[in-house]
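What's in input33.tsv: TSV, N, CA, C and O atoms
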chain	number	residue	atom	x	y	z
I	1	MET	N	121.36	119.58	104.79
I	1	MET	CA	120.06	119.59	104.14
I	1	MET	C	119.58	121.03	104.00
I	1	MET	O	119.59	121.79	104.95
I	2	ASN	N	119.18	121.37	102.79
I	2	ASN	CA	118.70	122.72	102.52
I	2	ASN	C	117.24	122.87	102.90
I	2	ASN	O	116.45	121.93	102.78
I	3	ILE	N	116.87	124.07	103.34
I	3	ILE	CA	115.47	124.36	103.63
I	3	ILE	C	114.75	124.69	102.33
I	3	ILE	O	113.62	124.31	102.12
I	4	PHE	N	115.44	125.42	101.43
I	4	PHE	CA	114.88	125.80	100.14
I	4	PHE	C	115.77	125.28	99.03
I	4	PHE	O	116.99	125.25	99.16
I	5	SER	N	115.14	124.90	97.92
I	5	SER	CA	115.89	124.40	96.78
I	5	SER	C	116.54	125.57	96.05
I	5	SER	O	115.95	126.63	95.89
I	6	GLU	N	117.77	125.36	95.61
I	6	GLU	CA	118.49	126.39	94.86
I	6	GLU	C	118.26	126.26	93.36
I	6	GLU	O	118.68	127.11	92.59
I	7	GLU	N	117.59	125.18	92.95
I	7	GLU	CA	117.27	124.95	91.54
I	7	GLU	C	116.07	124.00	91.45
I	7	GLU	O	115.77	123.30	92.41
I	8	ASP	N	115.41	124.01	90.31
I	8	ASP	CA	114.33	123.04	90.10
I	8	ASP	C	114.95	121.65	90.01
I	8	ASP	O	115.95	121.45	89.32
I	9	LYS	N	114.37	120.70	90.73
I	9	LYS	CA	114.85	119.32	90.64
I	9	LYS	C	113.76	118.36	91.08
I	9	LYS	O	112.88	118.72	91.86
I	10	VAL	N	113.83	117.15	90.56
I	10	VAL	CA	112.90	116.10	90.96
I	10	VAL	C	113.64	115.22	91.96
I	10	VAL	O	114.75	114.77	91.70
I	11	ILE	N	113.02	115.01	93.11
I	11	ILE	CA	113.63	114.19	94.16
I	11	ILE	C	112.64	113.11	94.59
I	11	ILE	O	111.45	113.18	94.28
I	12	THR	N	113.14	112.14	95.31
I	12	THR	CA	112.27	111.21	96.01
I	12	THR	C	112.07	111.78	97.41
I	12	THR	O	113.05	112.07	98.10
I	13	ALA	N	110.83	112.00	97.77
I	13	ALA	CA	110.51	112.51	99.11
I	13	ALA	C	109.82	111.40	99.88
I	13	ALA	O	109.21	110.49	99.31
I	14	TYR	N	109.95	111.46	101.20
I	14	TYR	CA	109.40	110.45	102.09
I	14	TYR	C	108.40	111.13	103.02
I	14	TYR	O	108.75	112.09	103.71
I	15	SER	N	107.18	110.64	103.02
I	15	SER	CA	106.13	111.31	103.79
I	15	SER	C	105.88	110.61	105.11
I	15	SER	O	106.13	109.43	105.28
I	16	TYR	N	105.38	111.41	106.06
I	16	TYR	CA	104.99	110.92	107.37
I	16	TYR	C	103.71	111.62	107.77
I	16	TYR	O	103.37	112.69	107.27
I	17	ASP	N	102.96	111.00	108.67
I	17	ASP	CA	101.68	111.55	109.09
I	17	ASP	C	101.83	112.52	110.25
I	17	ASP	O	102.96	112.83	110.67
I	18	HIS	N	100.72	112.99	110.80
I	18	HIS	CA	100.75	113.96	111.90
I	18	HIS	C	101.38	113.39	113.18
I	18	HIS	O	101.73	114.13	114.08
I	19	ASN	N	101.53	112.05	113.23
I	19	ASN	CA	102.22	111.41	114.36
I	19	ASN	C	103.67	111.10	114.01
I	19	ASN	O	104.34	110.38	114.76
I	20	PHE	N	104.12	111.58	112.87
I	20	PHE	CA	105.49	111.42	112.37
I	20	PHE	C	105.82	110.00	111.94
I	20	PHE	O	106.98	109.62	111.86
I	21	LEU	N	104.80	109.19	111.63
I	21	LEU	CA	105.00	107.81	111.21
I	21	LEU	C	105.06	107.74	109.69
I	21	LEU	O	104.26	108.36	108.98
I	22	PHE	N	106.02	106.97	109.18
I	22	PHE	CA	106.25	106.83	107.75
I	22	PHE	C	104.98	106.39	107.02
I	22	PHE	O	104.29	105.48	107.46
I	23	CYS	N	104.69	107.08	105.90
I	23	CYS	CA	103.52	106.75	105.09
I	23	CYS	C	103.89	106.20	103.72
I	23	CYS	O	103.15	105.42	103.15
I	24	GLY	N	105.01	106.65	103.18
I	24	GLY	CA	105.40	106.20	101.84
I	24	GLY	C	106.37	107.18	101.20
I	24	GLY	O	106.83	108.13	101.83
I	25	GLU	N	106.67	106.91	99.95
I	25	GLU	CA	107.57	107.79	99.20
I	25	GLU	C	106.90	108.23	97.91
I	25	GLU	O	105.97	107.59	97.44
I	26	PHE	N	107.37	109.36	97.37
I	26	PHE	CA	106.80	109.88	96.14
I	26	PHE	C	107.82	110.76	95.42
I	26	PHE	O	108.75	111.28	96.04
I	27	GLU	N	107.66	110.89	94.10
I	27	GLU	CA	108.49	111.81	93.34
I	27	GLU	C	107.95	113.21	93.55
I	27	GLU	O	106.74	113.43	93.53
I	28	TYR	N	108.86	114.16	93.74
I	28	TYR	CA	108.45	115.53	94.07
I	28	TYR	C	109.26	116.50	93.23
I	28	TYR	O	110.50	116.43	93.19
I	29	LEU	N	108.58	117.41	92.53
I	29	LEU	CA	109.26	118.47	91.81
I	29	LEU	C	109.53	119.59	92.80
I	29	LEU	O	108.62	120.32	93.20
I	30	TRP	N	110.77	119.67	93.24
I	30	TRP	CA	111.17	120.67	94.22
I	30	TRP	C	111.59	121.91	93.45
I	30	TRP	O	112.69	121.97	92.90
I	31	ALA	N	110.71	122.89	93.38
I	31	ALA	CA	110.94	124.09	92.59
I	31	ALA	C	111.91	125.04	93.30
I	31	ALA	O	111.91	125.14	94.53
I	32	LYS	N	112.70	125.73	92.50
I	32	LYS	CA	113.67	126.69	93.02
I	32	LYS	C	112.99	127.68	93.96
I	32	LYS	O	111.92	128.21	93.67
I	33	GLY	N	113.60	127.89	95.13
I	33	GLY	CA	113.10	128.87	96.08
I	33	GLY	C	111.97	128.39	96.97
I	33	GLY	O	111.46	129.15	97.78
I	34	THR	N	111.58	127.12	96.82
I	34	THR	CA	110.50	126.60	97.65
I	34	THR	C	111.02	125.53	98.61
I	34	THR	O	112.13	125.03	98.45
I	35	GLY	N	110.20	125.21	99.57
I	35	GLY	CA	110.54	124.15	100.52
I	35	GLY	C	109.91	122.83	100.12
I	35	GLY	O	109.22	122.74	99.10
I	36	LEU	N	110.14	121.83	100.91
I	36	LEU	CA	109.53	120.53	100.67
I	36	LEU	C	108.05	120.56	101.01
I	36	LEU	O	107.58	121.43	101.75
I	37	ALA	N	107.34	119.59	100.50
I	37	ALA	CA	105.92	119.44	100.84
I	37	ALA	C	105.79	119.22	102.34
I	37	ALA	O	106.69	118.66	102.98
I	38	ALA	N	104.67	119.65	102.90
I	38	ALA	CA	104.42	119.44	104.33
I	38	ALA	C	104.49	117.96	104.67
I	38	ALA	O	104.13	117.11	103.86
I	39	TYR	N	104.95	117.66	105.87
I	39	TYR	CA	105.05	116.28	106.36
I	39	TYR	C	105.88	115.40	105.43
I	39	TYR	O	105.52	114.25	105.18
I	40	SER	N	106.99	115.94	104.93
I	40	SER	CA	107.87	115.14	104.09
I	40	SER	C	109.32	115.54	104.33
I	40	SER	O	109.62	116.60	104.87
I	41	THR	N	110.22	114.65	103.90
I	41	THR	CA	111.65	114.87	104.03
I	41	THR	C	112.34	114.20	102.86
I	41	THR	O	111.77	113.30	102.22
I	42	GLU	N	113.56	114.64	102.57
I	42	GLU	CA	114.33	113.96	101.54
I	42	GLU	C	115.24	112.88	102.15
I	42	GLU	O	115.97	112.20	101.43
I	43	ILE	N	115.14	112.69	103.45
I	43	ILE	CA	115.93	111.68	104.15
I	43	ILE	C	115.19	110.36	104.10
I	43	ILE	O	114.05	110.26	104.57
I	44	SER	N	115.80	109.34	103.52
I	44	SER	CA	115.12	108.05	103.41
I	44	SER	C	115.10	107.34	104.75
I	44	SER	O	116.07	107.38	105.51
I	45	PRO	N	113.98	106.68	105.06
I	45	PRO	CA	113.89	105.95	106.32
I	45	PRO	C	114.68	104.64	106.25
I	45	PRO	O	114.89	104.12	105.16
I	46	PRO	N	115.09	104.12	107.39
I	46	PRO	CA	115.76	102.82	107.40
I	46	PRO	C	114.74	101.71	107.10
I	46	PRO	O	113.54	101.90	107.26
I	47	ALA	N	115.25	100.58	106.66
I	47	ALA	CA	114.37	99.44	106.41
I	47	ALA	C	113.78	98.97	107.74
I	47	ALA	O	114.43	99.04	108.78
I	48	PHE	N	112.54	98.54	107.69
I	48	PHE	CA	111.90	98.01	108.89
I	48	PHE	C	111.09	96.79	108.51
I	48	PHE	O	110.70	96.61	107.36
I	49	GLY	N	110.85	95.93	109.48
I	49	GLY	CA	110.17	94.68	109.23
I	49	GLY	C	108.75	94.66	109.74
I	49	GLY	O	108.20	95.67	110.18
I	50	VAL	N	108.17	93.48	109.69
I	50	VAL	CA	106.81	93.27	110.19
I	50	VAL	C	106.79	93.60	111.68
I	50	VAL	O	107.69	93.25	112.43
I	51	GLY	N	105.78	94.33	112.10
I	51	GLY	CA	105.67	94.72	113.51
I	51	GLY	C	106.51	95.92	113.87
I	51	GLY	O	106.71	96.22	115.05
I	52	GLU	N	107.00	96.64	112.85
I	52	GLU	CA	107.81	97.86	113.07
I	52	GLU	C	107.34	98.94	112.11
I	52	GLU	O	106.73	98.66	111.10
I	53	ILE	N	107.67	100.19	112.44
I	53	ILE	CA	107.40	101.34	111.57
I	53	ILE	C	108.49	102.37	111.82
I	53	ILE	O	109.04	102.45	112.91
I	54	ALA	N	108.80	103.16	110.80
I	54	ALA	CA	109.77	104.24	110.95
I	54	ALA	C	109.04	105.49	111.45
I	54	ALA	O	107.94	105.80	111.00
I	55	GLU	N	109.68	106.18	112.39
I	55	GLU	CA	109.13	107.41	112.98
I	55	GLU	C	110.15	108.52	112.77
I	55	GLU	O	111.33	108.36	113.10
I	56	PHE	N	109.71	109.67	112.22
I	56	PHE	CA	110.62	110.78	111.92
I	56	PHE	C	110.66	111.77	113.07
I	56	PHE	O	109.63	112.13	113.64
I	57	ASN	N	111.87	112.21	113.43
I	57	ASN	CA	112.05	113.22	114.45
I	57	ASN	C	112.38	114.53	113.73
I	57	ASN	O	113.46	114.65	113.16
I	58	GLU	N	111.47	115.48	113.74
I	58	GLU	CA	111.68	116.74	113.02
I	58	GLU	C	112.78	117.60	113.64
I	58	GLU	O	113.33	118.46	112.98
I	59	ILE	N	113.10	117.38	114.89
I	59	ILE	CA	114.16	118.17	115.55
I	59	ILE	C	115.54	117.66	115.14
I	59	ILE	O	116.39	118.43	114.71
I	60	THR	N	115.75	116.35	115.27
I	60	THR	CA	117.07	115.78	114.94
I	60	THR	C	117.19	115.44	113.47
I	60	THR	O	118.29	115.16	113.00
I	61	LYS	N	116.07	115.45	112.74
I	61	LYS	CA	116.04	115.10	111.32
I	61	LYS	C	116.53	113.67	111.09
I	61	LYS	O	117.26	113.38	110.16
I	62	GLU	N	116.08	112.77	111.98
I	62	GLU	CA	116.46	111.36	111.88
I	62	GLU	C	115.22	110.48	112.00
I	62	GLU	O	114.25	110.85	112.65
I	63	TRP	N	115.30	109.32	111.38
I	63	TRP	CA	114.27	108.30	111.52
I	63	TRP	C	114.68	107.33	112.62
I	63	TRP	O	115.86	107.08	112.82
I	64	ALA	N	113.71	106.77	113.30
I	64	ALA	CA	113.93	105.71	114.29
I	64	ALA	C	112.91	104.60	114.00
I	64	ALA	O	111.83	104.88	113.48
I	65	ILE	N	113.26	103.38	114.33
I	65	ILE	CA	112.35	102.27	114.18
I	65	ILE	C	111.64	102.04	115.53
I	65	ILE	O	112.29	101.98	116.56
I	66	VAL	N	110.31	101.96	115.49
I	66	VAL	CA	109.53	101.71	116.70
I	66	VAL	C	108.63	100.50	116.48
I	66	VAL	O	108.27	100.17	115.34
I	67	GLU	N	108.27	99.84	117.57
I	67	GLU	CA	107.35	98.71	117.50
I	67	GLU	C	105.99	99.19	116.99
I	67	GLU	O	105.54	100.28	117.34
I	68	ASP	N	105.34	98.36	116.19
I	68	ASP	CA	104.02	98.71	115.66
I	68	ASP	C	103.09	97.52	115.82
I	68	ASP	O	103.13	96.56	115.06
I	69	HIS	N	102.24	97.59	116.84
I	69	HIS	CA	101.27	96.53	117.12
I	69	HIS	C	99.84	97.00	116.82
I	69	HIS	O	98.88	96.34	117.23
I	70	ARG	N	99.70	98.13	116.12
I	70	ARG	CA	98.37	98.67	115.85
I	70	ARG	C	97.47	97.61	115.21
I	70	ARG	O	97.91	96.82	114.40
I	71	SER	N	96.23	97.63	115.60
I	71	SER	CA	95.17	96.73	115.13
I	71	SER	C	95.25	95.33	115.73
I	71	SER	O	94.41	94.49	115.44
I	72	LYS	N	96.23	95.06	116.57
I	72	LYS	CA	96.29	93.76	117.25
I	72	LYS	C	95.35	93.77	118.45
I	72	LYS	O	95.15	94.80	119.09
I	73	THR	N	94.83	92.61	118.77
I	73	THR	CA	93.98	92.45	119.94
I	73	THR	C	94.84	92.12	121.14
I	73	THR	O	95.74	91.28	121.05
I	74	VAL	N	94.60	92.82	122.24
I	74	VAL	CA	95.29	92.54	123.51
I	74	VAL	C	94.25	92.38	124.60
I	74	VAL	O	93.09	92.79	124.44
I	75	TYR	N	94.69	91.79	125.72
I	75	TYR	CA	93.78	91.51	126.82
I	75	TYR	C	94.36	92.06	128.11
I	75	TYR	O	95.57	91.96	128.36
I	76	SER	N	93.51	92.64	128.93
I	76	SER	CA	93.91	93.15	130.23
I	76	SER	C	94.30	91.97	131.11
I	76	SER	O	93.55	91.00	131.20
I	77	THR	N	95.44	92.08	131.78
I	77	THR	CA	95.85	91.01	132.70
I	77	THR	C	95.10	91.11	134.03
I	77	THR	O	95.13	90.18	134.82
I	78	SER	N	94.40	92.22	134.26
I	78	SER	CA	93.66	92.36	135.52
I	78	SER	C	92.20	91.90	135.40
I	78	SER	O	91.69	91.21	136.26
I	79	ASP	N	91.53	92.28	134.31
I	79	ASP	CA	90.11	91.90	134.19
I	79	ASP	C	89.80	91.10	132.92
I	79	ASP	O	88.65	90.81	132.64
I	80	LYS	N	90.82	90.77	132.15
I	80	LYS	CA	90.71	89.94	130.93
I	80	LYS	C	89.89	90.59	129.82
I	80	LYS	O	89.50	89.93	128.86
I	81	SER	N	89.64	91.90	129.93
I	81	SER	CA	88.89	92.59	128.87
I	81	SER	C	89.75	92.71	127.61
I	81	SER	O	90.97	92.75	127.67
I	82	GLU	N	89.06	92.78	126.48
I	82	GLU	CA	89.72	92.83	125.18
I	82	GLU	C	89.82	94.26	124.68
I	82	GLU	O	88.89	95.05	124.84
I	83	SER	N	90.96	94.61	124.06
I	83	SER	CA	91.16	95.93	123.47
I	83	SER	C	91.90	95.77	122.15
I	83	SER	O	92.58	94.78	121.93
I	84	ILE	N	91.77	96.79	121.30
I	84	ILE	CA	92.52	96.84	120.05
I	84	ILE	C	93.58	97.94	120.20
I	84	ILE	O	93.26	99.06	120.60
I	85	ILE	N	94.82	97.62	119.88
I	85	ILE	CA	95.92	98.60	120.02
I	85	ILE	C	95.76	99.67	118.94
I	85	ILE	O	95.61	99.37	117.76
I	86	ASP	N	95.85	100.94	119.36
I	86	ASP	CA	95.74	102.07	118.43
I	86	ASP	C	96.92	103.04	118.58
I	86	ASP	O	96.81	104.22	118.28
I	87	TYR	N	98.07	102.52	119.01
I	87	TYR	CA	99.27	103.34	119.23
I	87	TYR	C	100.49	102.55	118.77
I	87	TYR	O	100.42	101.34	118.58
I	88	VAL	N	101.61	103.24	118.58
I	88	VAL	CA	102.87	102.55	118.28
I	88	VAL	C	103.70	102.49	119.55
I	88	VAL	O	103.50	103.27	120.48
I	89	GLY	N	104.63	101.57	119.57
I	89	GLY	CA	105.46	101.35	120.74
I	89	GLY	C	105.12	99.99	121.33
I	89	GLY	O	104.26	99.27	120.82
I	90	PRO	N	105.80	99.65	122.42
I	90	PRO	CA	105.54	98.35	123.04
I	90	PRO	C	104.11	98.24	123.58
I	90	PRO	O	103.47	99.25	123.87
I	91	VAL	N	103.64	97.01	123.71
I	91	VAL	CA	102.33	96.78	124.33
I	91	VAL	C	102.40	97.31	125.76
I	91	VAL	O	103.37	97.07	126.48
I	92	LYS	N	101.40	98.08	126.14
I	92	LYS	CA	101.40	98.72	127.46
I	92	LYS	C	101.38	97.69	128.60
I	92	LYS	O	100.82	96.60	128.46
I	93	THR	N	102.00	98.08	129.70
I	93	THR	CA	102.00	97.25	130.90
I	93	THR	C	100.57	96.97	131.33
I	93	THR	O	99.72	97.85	131.28
I	94	GLY	N	100.31	95.74	131.71
I	94	GLY	CA	98.98	95.35	132.14
I	94	GLY	C	98.16	94.73	131.03
I	94	GLY	O	96.98	94.43	131.22
I	95	PHE	N	98.77	94.56	129.85
I	95	PHE	CA	98.09	93.94	128.71
I	95	PHE	C	98.98	92.87	128.12
I	95	PHE	O	100.19	92.91	128.22
I	96	THR	N	98.34	91.90	127.48
I	96	THR	CA	99.05	90.80	126.84
I	96	THR	C	98.33	90.40	125.57
I	96	THR	O	97.12	90.64	125.43
I	97	GLU	N	99.07	89.81	124.64
I	97	GLU	CA	98.45	89.29	123.42
I	97	GLU	C	97.90	87.88	123.65
I	97	GLU	O	97.21	87.35	122.80
I	98	LEU	N	98.17	87.29	124.81
I	98	LEU	CA	97.67	85.96	125.14
I	98	LEU	C	96.19	86.03	125.50
I	98	LEU	O	95.78	86.89	126.25
I	99	LYS	N	95.41	85.11	124.93
I	99	LYS	CA	93.97	85.09	125.23
I	99	LYS	C	93.75	84.75	126.70
I	99	LYS	O	94.55	84.03	127.30
I	100	PRO	N	92.69	85.25	127.31
I	100	PRO	CA	92.45	85.08	128.75
I	100	PRO	C	92.52	83.65	129.28
I	100	PRO	O	92.95	83.44	130.38
I	101	ASP	N	92.13	82.65	128.49
I	101	ASP	CA	92.16	81.30	129.02
I	101	ASP	C	93.57	80.75	129.15
I	101	ASP	O	93.78	79.68	129.68
I	102	THR	N	94.59	81.54	128.70
I	102	THR	CA	95.97	81.07	128.80
I	102	THR	C	96.75	81.72	129.94
I	102	THR	O	97.93	81.50	130.09
I	103	PHE	N	96.09	82.57	130.73
I	103	PHE	CA	96.77	83.13	131.91
I	103	PHE	C	95.82	83.12	133.10
I	103	PHE	O	94.62	83.03	132.95
I	104	ASP	N	96.41	83.18	134.28
I	104	ASP	CA	95.61	83.09	135.51
I	104	ASP	C	94.89	84.37	135.81
I	104	ASP	O	95.33	85.43	135.70

Would you encode the structure as structure tokens?
Amino acid sequence: MNIFSEEDKVITAYSYDHNFLFCGEFEYLWAKGTGLAAYSTEISPPAFGVGEIAEFNEITKEWAIVEDHRSKTVYSTSDKSESIIDYVGPVKTGFTELKPDTFD
């Protein structure tokens, strides 16, 4: 993978946010002597399903699939309090998606 384009070309670029999570794809005019747009790569992410998201590793230049439960409601198994997930990855220990009346 080149850091700078050796010629003007139109490519499909794949964008990710400040947390390196896939945002979408777009056509990009990669001008000779310039780099890619910030937070983007020409490496296409792997397909992912419901409850998953692609995450880009800028060091290895690879995508990985991670669990995505953001915006789901979870409940503390200790005090039954309700929370909304705002992170990617597995549901944290001590929380469950089961409503409080379904666990002891």

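CA of Phe20 (chain I) is positioned 15.4 Å from CA of Leu36 (chain I).
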
Could you check how far atom O of Thr73 (chain I) sits from atom C of Tyr87 (chain I), in Å to one decimal? 12.4 Å

For atom C of Val88 (chain I) and CA of Ile65 (chain I), the interatomic separation in Å (one decimal): 10.2 Å

Residues within 4.5 Å of region 91-100 of chain I, all atoms listed in the file, excluding chain neighbours under 3 positions, as a ChimeraX atom specification: /I:73-77,103

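Comparing I:Lys9, I:Lys80, I:His69, I:Lys32 by their smallest distance to Glu52 (chain I), the closest is I:His69 (using only N, CA, C and O atoms).
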
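In this comparison, which uses only C-alpha atoms, the residue of I:Ala31, I:Ile85, I:Glu25, I:His18 approaching Glu6 (chain I) most closely is I:Ala31.
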
Which of these, I:Tyr16, I:Lys72, I:Glu67, I:Phe4, has the shortest distance to Ala38 (chain I) once you count all atoms listed in the file? I:Tyr16

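In terms of minimum interatomic distance to Leu21 (chain I), I:Glu55 ranks closest within I:Glu62, I:Asp68, I:Glu55, I:Asp8, counting only N, CA, C and O atoms.
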
Near region 39-42 of chain I, within 5 Å and counting all atoms listed in the file, which residues show up once chain neighbours fewer than 6 positions away are dropped, as a PyMOL selection string? chain I and resi 12-16

Between I:Asp101, I:Ser44, I:Phe56, I:Ile3, which has the minimum distance to Asp17 (chain I) (counting only C-alpha atoms)?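 Nearest to Asp17 (chain I): I:Phe56.
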